[in-house]
Structure formats: structure tokens, C-alpha cells
Amino acid sequence: MKTEASAQLFTQAKALIPGGVNSPVRACRSVGCDPLFVAKASGCTITDVDGNTFLDFVGSWGPMILGHAHPEVLEAIRRTASDGTSFGAPSPLEVELAAQVCAAMPAIEMVRFVNSGTEATMSAIRLARGYTGRKVVVKFDGCYHGHADSFLVKAGSGVITLGIPGSPGVPDDIVRNTLSIPYNDVAVLEQTLRDPSLDIACVIVEPVAGNMGVVAPQPGFLQTLRELTRELGIVLIFDEVITGFRLALGGAQERFGIIPDLTCLGKIIGGGLPVGAYGGKREIMSLIAPDGPVYQAGTLSGNPLAMAAGLAMLQVVRRPGFYEELEKKSAWFGAELEKIAANSSVPTTLNRVGSMLTCFFAAEPVVDFTSALRADTDRYGRHYRQMLANGIWLAPSQFEAAFVSAAHGRQHLQKALDMTESSFKKLIV
Ligand code: HOZ
């Protein structure tokens with residue numbers, strides 16, 4: 001595989017941008033290679049600057065549920081751009097997208113658009129603290145809610161990938177007010193939430209974890225979380241930045257039948273442009289400025305291009321049968337992967353929820369951060385490099401999700417299966 005153009009860009013980038021990348025996992029350090037620089041992407045393929053084309057299972061880390069450069073999304077962006085790219089004033093598209101988000105997720109009575117998932121989660125916890133007058137944020141080990149100070153305690157995504165225990169620059173006071181407990185452990189959850197010495201404002205959770213690899217909630221975990229938080233007056237925040245509009249039109253909350261108090265969104269609702277949103281009960285959302293005293297603002301919030309791209313994407317996913325079809329092919333793909341794993345002597349555990357999946361190089365079930373960390377990351381690195389050499393673009397970390405999109409046909413998935421089978425054979429030696 002030719003990589004000269006990528007290598008040259010990486011050398012230049014490293015002198016100008018920390019690590020040569022604008023988001024750490026992309027540097028590919030945990031999989032033992034240098035990043036390839038992308039020139040373009042279309043449907044389920046991605047092409048680098050050396051002209052190599054790969055089948056893409058990263059999908060820009062989640063938003064590209066229709067595949068890349070979907071014609072309806074591109075047309076919406078072009079049409080909107082010709083009328084101006086940012087106004088810093090209200091415009092009609094944000095009202096339309098707000099109406100669609102509220103209609104898709106009954107838990108969201110009001111919504112505020114921001115520019116990224118990180119902005120959505122950090123604003124949601126500020127709001128929860130403002131609403132309850134309490135301080136402590138409870139999160140779960142291995143869940144990742146963006147890079148705001150409060151969330152970098154036992155976090156997933158790049159924080160585990162790079163083995164960073166926390167982060168310098170986050171003051172102790174903030175760390176003291178963030179409590180991280182094991183995912184899927186109902187006993188610890190109950191003990192923590194009922195602890196009278198803790199001043200808990202909110203619990204934030206990825207209802208399906210996607211940033212320690214995919215980890216499904218165990219039966220009863222989300223229900224118990226909902227019941228306890230309701231009883232104790234704690235705000236329950238679902239971080240559906242990845243799962244929103246991916247696991248169902250109404251996200252994980254629809255799939256599992258749970259109504260959170262606040263929901264954070266991003267990725268799909270921006271159609272691949274930078275966007276985030278947080279929304280929920282009117283009673284809580286009304287506390288946001290200018291209706292209330294909780295301040296949050298943004299020059300590019302509700303940006304017309306992002307709104308137009310999001311609306312175009314939602315128009316496609318709302319078509320009858322969209323999620324059923326995605327589920328059917330993802331289930332088939334997952335089942336075939338499991339067969340390959342079962343026929344090989346490489347210990348693996350496949351976790352799949354809808355079109356999100358992770359093949360952990362671990363013999364035991366992966367149900368939380370501790371079990372995810374038992375995965376053999378060196379073996380994942382070898383697998384990643386072998387798959388890349390055979391034209392398959394996976395996430396450059398064991399602790400991320402692979403995404404199936406509407407653009408993946410059976411022939412693409414079959415190719416990925418064939419390459420997986422051949423990679424697994426080489427992993428034994
Ligand atoms: N942390 C995100 C993935 N879970 C984004 C990674 C990236 O864009 O590089």
C-alpha cells in the first residue's frame with residue numbers, strides 16, 4: 001500500500017498540530033501505525049491522499065448513518081450555503097430541526113442547539129446543577145461524555161486508548177465533584193445514589209456505552225437508574241450523542257423504553273456537520289438563559305448549514321423501514337462475525353446493539369470498564385493493521401464502536417467478513 005503522501009502530510013502536521021492530529025485517537029498510536037490522511041469519502045468507502053480506498057466502518061465516529069456524501073444531504077448543504085453560512089441570529093431551519101427532534105423523542109419538550117457533543121454534555125450538567133442546586137455529577141467508568149473537565153475521570157474513548165488516568169489541567173475541586181462508578185452494577189449504583197453525604201445533582205450515562213467499545217446495558221440497569229433518580233430528585237441525563245437517531249428514531253431511550261430528564265445529542269442530527277444539542281423537560285429547560293439564569297451561548301449555535309444537513313439526514317432515516325433494514329443487516333453481519341470468531345482459536349467477544357458493534361479480543365463477556373480493559377489491545381493493533389492492508393477501515397482503538405450504515409450492502413459486509421476471517425488466521429501465529 002502506498003502511503004508516501006500521508007507520511008509527508010503527517011510530518012508537516014506534527015510540527016504544526018499537537019501529535020499531528022486534531023483529536024487524539026486519530027493519531028493511531030494504540031494500533032502501532034501512523035494515520036492515513038483522507039482525501040474524500042463516498043457511500044461506505046473512504047479514500048486517502050495516496051489513492052487507497054477502504055470500506056469504512058468508522059463513519060466519522062457515528063454521524064454517517066447514510067454513508068458519506070449522501071446526495072440529499074449534499075444538496076441541502078449546497079442550497080442552504082448559497083443563502084449564507086452563518087447569521088448569528090435565529091433562522092427558520094433551527095425551528096424545523098427542533099420540532100423534528102422533539103417529535104422523535106418524547107422526553108425532549110424543548111431543545112437547545114450547540115456545536116458539539118462536548119458542549120451538549122457540559123451544558124446539560126450545568127443545567128442539572130442549576131436546577132437542583134446540588135454539586136455532584138455521577139458518571140460511569142468507561143463512559144465518555146466529551147472532554148469537559150468534569151468528564152475526564154475514568155473516561156472512555158481516547159482517555160483509555162492512550163492510558164491517561166485523568167488529565168492534568170482539571171482542578172481537584174472538579175474531580176471531587178465527579179463520582180465515577182461501575183457501569184451495569186446496580187448494587188453500587190443504589191448505594192451511591194442513596195448515600196446521604198453526597199450532594200448529587202445528576203447522573204449522566206451512555207444508555208449503550210460506545211466509548212469503551214460497545215457495551216450494552218444489562219437488563220434492569222437503566223430501569224433501576226430511572227427509578228432511583230426519580231425517587232431521589234436527581235436529574236437523569238442520557239448521553240445519546242452516539243445512540244440518538246442511530247439505535248432507533250427515538251434513540252436508545254425508545255429502544256429501552258426509558259424517559260430521561262435530559263438528553264444530549266450530536267453526530268447524526270448534524271448530518272456530518274459540527275452540531276450538538278441538549279433537551280428535555282420544559283420545567284428544566286426553561287432555566288436556560290434568556291428564559292432563566294443558567295447561562296449558555298454560542299455564535300455558531302443553530303448554524304444553518306448544520307441544521308440543513310441534519311434535517312436532510314432525518315428526512316431519510318424517517319422513511320418507513322429504514323431502521324428495520326439497518327437492524328436486519330447489522331444482525332446478520334454480527335452473527336456472521338460470531339461464526340468466524342467461533343471457528344477460530346482467537347478469543348473474542350462480540351458486543352452488538354443495532355448498527356453499533358465491537359469485537360473485543362477478550363475471552364470473557366465485556367459488561368463494564370474492567371472487563372473491557374482485559375481485552376488484548378496488542379492483538380487488536382495487529383488485527384487493525386491487517387484489516388487496513390486488506391482495504392477495511394476500522395477504528396484505530398479497541399475501545400471504540402464499528403458502525404454499519406445504510407450504504408453498506410451485503411457485498412461490502414461480506415468483504416469485511418472475508419478479511420476478518422483471513423486476519424484472524426494470521427493472529428494465531
Ligand atoms: N472521541 C471520539 C470517538 N469516540 C472522536 C474521535 C475522533 O474524532 O478522532
# chains A, B, ... in the order shown; residues from 1 in each chain; ligands from 1
$ residues_around --residues "Thr161 (chain A)" --least-positions-apart "6" --cutoff "10 Å" --atoms "only C-alpha atoms" --output "PDB file with N, CA, C and O atoms, in the first residue's frame"
ATOM      1  N   PRO A  24      -7.112  13.022  19.571  1.00  0.00           N
ATOM      2  CA  PRO A  24      -6.003  12.112  19.823  1.00  0.00           C
ATOM      3  C   PRO A  24      -6.081  10.712  19.217  1.00  0.00           C
ATOM      4  O   PRO A  24      -5.065  10.190  18.746  1.00  0.00           O
ATOM      5  N   VAL A  25      -7.255  10.059  19.249  1.00  0.00           N
ATOM      6  CA  VAL A  25      -7.319   8.656  18.801  1.00  0.00           C
ATOM      7  C   VAL A  25      -6.901   8.532  17.336  1.00  0.00           C
ATOM      8  O   VAL A  25      -6.349   7.519  16.907  1.00  0.00           O
ATOM      9  N   CYS A  28      -3.588   7.129  15.802  1.00  0.00           N
ATOM     10  CA  CYS A  28      -3.387   5.682  15.581  1.00  0.00           C
ATOM     11  C   CYS A  28      -2.264   5.092  16.426  1.00  0.00           C
ATOM     12  O   CYS A  28      -1.750   4.019  16.093  1.00  0.00           O
ATOM     13  N   ARG A  29      -1.865   5.780  17.495  1.00  0.00           N
ATOM     14  CA  ARG A  29      -0.720   5.269  18.274  1.00  0.00           C
ATOM     15  C   ARG A  29      -1.010   3.908  18.895  1.00  0.00           C
ATOM     16  O   ARG A  29      -0.141   3.061  18.954  1.00  0.00           O
ATOM     17  N   SER A  30      -2.247   3.703  19.373  1.00  0.00           N
ATOM     18  CA  SER A  30      -2.510   2.448  20.093  1.00  0.00           C
ATOM     19  C   SER A  30      -2.570   1.252  19.141  1.00  0.00           C
ATOM     20  O   SER A  30      -2.580   0.110  19.590  1.00  0.00           O
ATOM     21  N   VAL A  31      -2.625   1.512  17.835  1.00  0.00           N
ATOM     22  CA  VAL A  31      -2.617   0.379  16.887  1.00  0.00           C
ATOM     23  C   VAL A  31      -1.295   0.297  16.141  1.00  0.00           C
ATOM     24  O   VAL A  31      -1.152  -0.446  15.162  1.00  0.00           O
ATOM     25  N   ALA A 155     -12.510   8.001  32.174  1.00  0.00           N
ATOM     26  CA  ALA A 155     -13.280   8.167  30.935  1.00  0.00           C
ATOM     27  C   ALA A 155     -12.876   7.166  29.874  1.00  0.00           C
ATOM     28  O   ALA A 155     -11.777   6.612  29.888  1.00  0.00           O
ATOM     29  N   ASN A 211     -17.984   4.081  24.007  1.00  0.00           N
ATOM     30  CA  ASN A 211     -16.638   4.648  24.064  1.00  0.00           C
ATOM     31  C   ASN A 211     -15.660   3.831  24.906  1.00  0.00           C
ATOM     32  O   ASN A 211     -14.546   4.271  25.165  1.00  0.00           O
ATOM     33  N   MET A 212     -16.106   2.631  25.358  1.00  0.00           N
ATOM     34  CA  MET A 212     -15.127   1.662  25.908  1.00  0.00           C
ATOM     35  C   MET A 212     -15.239   0.437  25.010  1.00  0.00           C
ATOM     36  O   MET A 212     -15.058  -0.701  25.435  1.00  0.00           O
ATOM     37  N   LEU A 373     -11.192  -3.569  29.738  1.00  0.00           N
ATOM     38  CA  LEU A 373      -9.736  -3.387  29.851  1.00  0.00           C
ATOM     39  C   LEU A 373      -8.955  -4.695  29.785  1.00  0.00           C
ATOM     40  O   LEU A 373      -7.743  -4.685  29.602  1.00  0.00           O
ATOM     41  N   THR A 377      -5.119  -5.558  23.616  1.00  0.00           N
ATOM     42  CA  THR A 377      -5.025  -4.411  22.700  1.00  0.00           C
ATOM     43  C   THR A 377      -3.902  -4.580  21.674  1.00  0.00           C
ATOM     44  O   THR A 377      -3.985  -4.032  20.581  1.00  0.00           O
ATOM     45  N   PRO A 396      -9.203   3.110  15.031  1.00  0.00           N
ATOM     46  CA  PRO A 396      -7.837   2.795  15.472  1.00  0.00           C
ATOM     47  C   PRO A 396      -7.730   2.644  16.993  1.00  0.00           C
ATOM     48  O   PRO A 396      -6.823   3.175  17.621  1.00  0.00           O
ATOM     49  N   SER A 397      -8.661   1.923  17.573  1.00  0.00           N
ATOM     50  CA  SER A 397      -8.644   1.652  19.007  1.00  0.00           C
ATOM     51  C   SER A 397      -9.605   0.505  19.290  1.00  0.00           C
ATOM     52  O   SER A 397     -10.693   0.439  18.701  1.00  0.00           O
ATOM     53  N   GLN A 398      -9.214  -0.375  20.214  1.00  0.00           N
ATOM     54  CA  GLN A 398     -10.103  -1.454  20.660  1.00  0.00           C
ATOM     55  C   GLN A 398     -11.349  -0.888  21.343  1.00  0.00           C
ATOM     56  O   GLN A 398     -12.391  -1.520  21.379  1.00  0.00           O
ATOM     57  N   PHE A 399     -11.220   0.330  21.883  1.00  0.00           N
ATOM     58  CA  PHE A 399     -12.290   0.850  22.732  1.00  0.00           C
ATOM     59  C   PHE A 399     -13.204   1.836  22.010  1.00  0.00           C
ATOM     60  O   PHE A 399     -13.535   2.911  22.537  1.00  0.00           O
ATOM     61  N   GLU A 400     -13.549   1.511  20.793  1.00  0.00           N
ATOM     62  CA  GLU A 400     -14.487   2.338  20.032  1.00  0.00           C
ATOM     63  C   GLU A 400     -15.466   1.400  19.334  1.00  0.00           C
ATOM     64  O   GLU A 400     -15.261   0.194  19.293  1.00  0.00           O
TER      65      GLU A 400
END
$ closest_atom_pairs --of "region 65-117 of chain A" --to "region 121-143 of chain A" --cutoff "12 Å" --atoms "only C-alpha atoms" --output "CSV"
residue,atom,partner,partner_atom,distance
A:Val111,CA,A:Ala124,CA,10.9
A:Arg112,CA,A:Ser123,CA,9.7
A:Phe113,CA,A:Ser123,CA,10.6
A:Val114,CA,A:Ser123,CA,9.1
A:Asn115,CA,A:Thr121,CA,11.2
A:Ser116,CA,A:Thr121,CA,8.9
A:Gly117,CA,A:Thr121,CA,6.3
$ closest_atom_pairs --of "chain A" --to "ligand 1" --cutoff "8 Å" --atoms "only C-alpha atoms and all ligand atoms" --output "tab-separated table"
residue	atom	partner	partner_atom_place_in_ligand_line	distance
A:Asn22	CA	ligand 1	9 (O)	7.2
A:Ser23	CA	ligand 1	9 (O)	4.4
A:Pro24	CA	ligand 1	9 (O)	6.0
A:Val25	CA	ligand 1	9 (O)	5.1
A:Arg26	CA	ligand 1	9 (O)	4.7
A:Ser60	CA	ligand 1	8 (O)	6.8
A:Trp61	CA	ligand 1	3 (C)	5.6
A:Tyr144	CA	ligand 1	4 (N)	7.5
A:Gly146	CA	ligand 1	1 (N)	6.9
A:Gly156	CA	ligand 1	4 (N)	7.9
A:Ser157	CA	ligand 1	4 (N)	4.9
A:Gly158	CA	ligand 1	1 (N)	5.9
A:Gly210	CA	ligand 1	4 (N)	7.2
A:Asn211	CA	ligand 1	4 (N)	5.3
A:Glu400	CA	ligand 1	4 (N)	6.0
A:Ala401	CA	ligand 1	4 (N)	7.8
$ closest_residue --among "A:Thr348, A:Lys154, A:Leu394, A:Glu119" --to "Arg374 (chain A)" --atoms "only C-alpha atoms"
A:Thr348
$ atom_distance --atom1 "CA of Val275 (chain A)" --atom2 "CA of Val170 (chain A)"
24.8 Å
$ select_by_dssp --residues "region 323-376 of chain A" --states "alpha helix (DSSP H)" --output "ChimeraX atom specification"
/A:323-343,369-373
$ write_last_selection --atoms "N, CA and C atoms" --output "compact mmCIF listing (two decimals), in the first residue's frame"
# COMPACT_ATOMS: atom_id res chain seq x y z
N TYR A 323 -34.90 1.79 9.80
CA TYR A 323 -34.21 1.16 10.95
C TYR A 323 -34.33 -0.36 10.92
N GLU A 324 -35.48 -0.85 10.40
CA GLU A 324 -35.66 -2.31 10.32
C GLU A 324 -34.58 -2.90 9.40
N GLU A 325 -34.36 -2.25 8.27
CA GLU A 325 -33.37 -2.73 7.30
C GLU A 325 -31.95 -2.67 7.90
N LEU A 326 -31.65 -1.56 8.57
CA LEU A 326 -30.32 -1.40 9.17
C LEU A 326 -30.10 -2.47 10.24
N GLU A 327 -31.14 -2.72 11.02
CA GLU A 327 -31.06 -3.72 12.09
C GLU A 327 -30.82 -5.11 11.48
N LYS A 328 -31.59 -5.39 10.41
CA LYS A 328 -31.51 -6.73 9.80
C LYS A 328 -30.09 -7.01 9.30
N LYS A 329 -29.53 -6.03 8.58
CA LYS A 329 -28.20 -6.33 8.03
C LYS A 329 -27.12 -6.30 9.11
N SER A 330 -27.30 -5.46 10.13
CA SER A 330 -26.31 -5.43 11.22
C SER A 330 -26.36 -6.74 12.00
N ALA A 331 -27.58 -7.26 12.21
CA ALA A 331 -27.72 -8.53 12.95
C ALA A 331 -27.06 -9.66 12.16
N TRP A 332 -27.28 -9.66 10.86
CA TRP A 332 -26.66 -10.70 10.02
C TRP A 332 -25.13 -10.58 10.10
N PHE A 333 -24.64 -9.36 9.97
CA PHE A 333 -23.19 -9.11 10.00
C PHE A 333 -22.61 -9.57 11.34
N GLY A 334 -23.28 -9.21 12.41
CA GLY A 334 -22.82 -9.59 13.75
C GLY A 334 -22.80 -11.11 13.90
N ALA A 335 -23.86 -11.76 13.43
CA ALA A 335 -23.94 -13.22 13.58
C ALA A 335 -22.84 -13.91 12.76
N GLU A 336 -22.56 -13.39 11.56
CA GLU A 336 -21.50 -13.98 10.73
C GLU A 336 -20.13 -13.77 11.39
N LEU A 337 -19.95 -12.59 11.96
CA LEU A 337 -18.68 -12.33 12.68
C LEU A 337 -18.50 -13.32 13.83
N GLU A 338 -19.60 -13.56 14.53
CA GLU A 338 -19.52 -14.51 15.65
C GLU A 338 -19.15 -15.91 15.18
N LYS A 339 -19.68 -16.29 14.01
CA LYS A 339 -19.35 -17.62 13.47
C LYS A 339 -17.85 -17.69 13.17
N ILE A 340 -17.34 -16.63 12.55
CA ILE A 340 -15.91 -16.61 12.21
C ILE A 340 -15.08 -16.73 13.49
N ALA A 341 -15.49 -15.97 14.50
CA ALA A 341 -14.75 -16.00 15.76
C ALA A 341 -14.82 -17.38 16.39
N ALA A 342 -16.01 -17.98 16.34
CA ALA A 342 -16.18 -19.30 16.96
C ALA A 342 -15.33 -20.36 16.26
N ASN A 343 -15.14 -20.20 14.95
CA ASN A 343 -14.35 -21.18 14.19
C ASN A 343 -12.86 -20.93 14.28
N PHE A 369 -16.22 -1.47 32.32
CA PHE A 369 -14.87 -0.95 32.03
C PHE A 369 -13.79 -1.97 32.38
N THR A 370 -13.95 -2.63 33.54
CA THR A 370 -12.94 -3.59 33.99
C THR A 370 -12.80 -4.73 32.99
N SER A 371 -13.93 -5.25 32.54
CA SER A 371 -13.85 -6.37 31.58
C SER A 371 -13.39 -5.88 30.20
N ALA A 372 -13.72 -4.64 29.84
CA ALA A 372 -13.23 -4.10 28.55
C ALA A 372 -11.71 -4.00 28.59
N LEU A 373 -11.19 -3.57 29.74
CA LEU A 373 -9.74 -3.39 29.85
C LEU A 373 -8.96 -4.70 29.79
$ closest_atom_pairs --of "region 146-215 of chain A" --to "region 258-265 of chain A" --cutoff "12 Å" --atoms "only C-alpha atoms" --output "CSV"
residue,atom,partner,partner_atom,distance
A:Gly146,CA,A:Cys264,CA,11.1
A:Cys202,CA,A:Asp261,CA,9.7
A:Val203,CA,A:Pro260,CA,10.2
A:Ile204,CA,A:Leu262,CA,9.2
A:Val205,CA,A:Thr263,CA,9.8
A:Glu206,CA,A:Cys264,CA,9.7
A:Pro207,CA,A:Ile258,CA,9.5
$ write_last_selection --atoms "C-alpha atoms" --output "compact mmCIF listing (two decimals), in the first residue's frame"
# COMPACT_ATOMS: atom_id res chain seq x y z
CA GLY A 146 -16.64 14.63 25.65
CA CYS A 202 -27.30 14.38 38.17
CA VAL A 203 -26.34 11.04 36.75
CA ILE A 204 -25.06 11.04 33.18
CA VAL A 205 -24.92 7.79 31.24
CA GLU A 206 -24.40 6.46 27.74
CA PRO A 207 -27.51 4.23 27.64
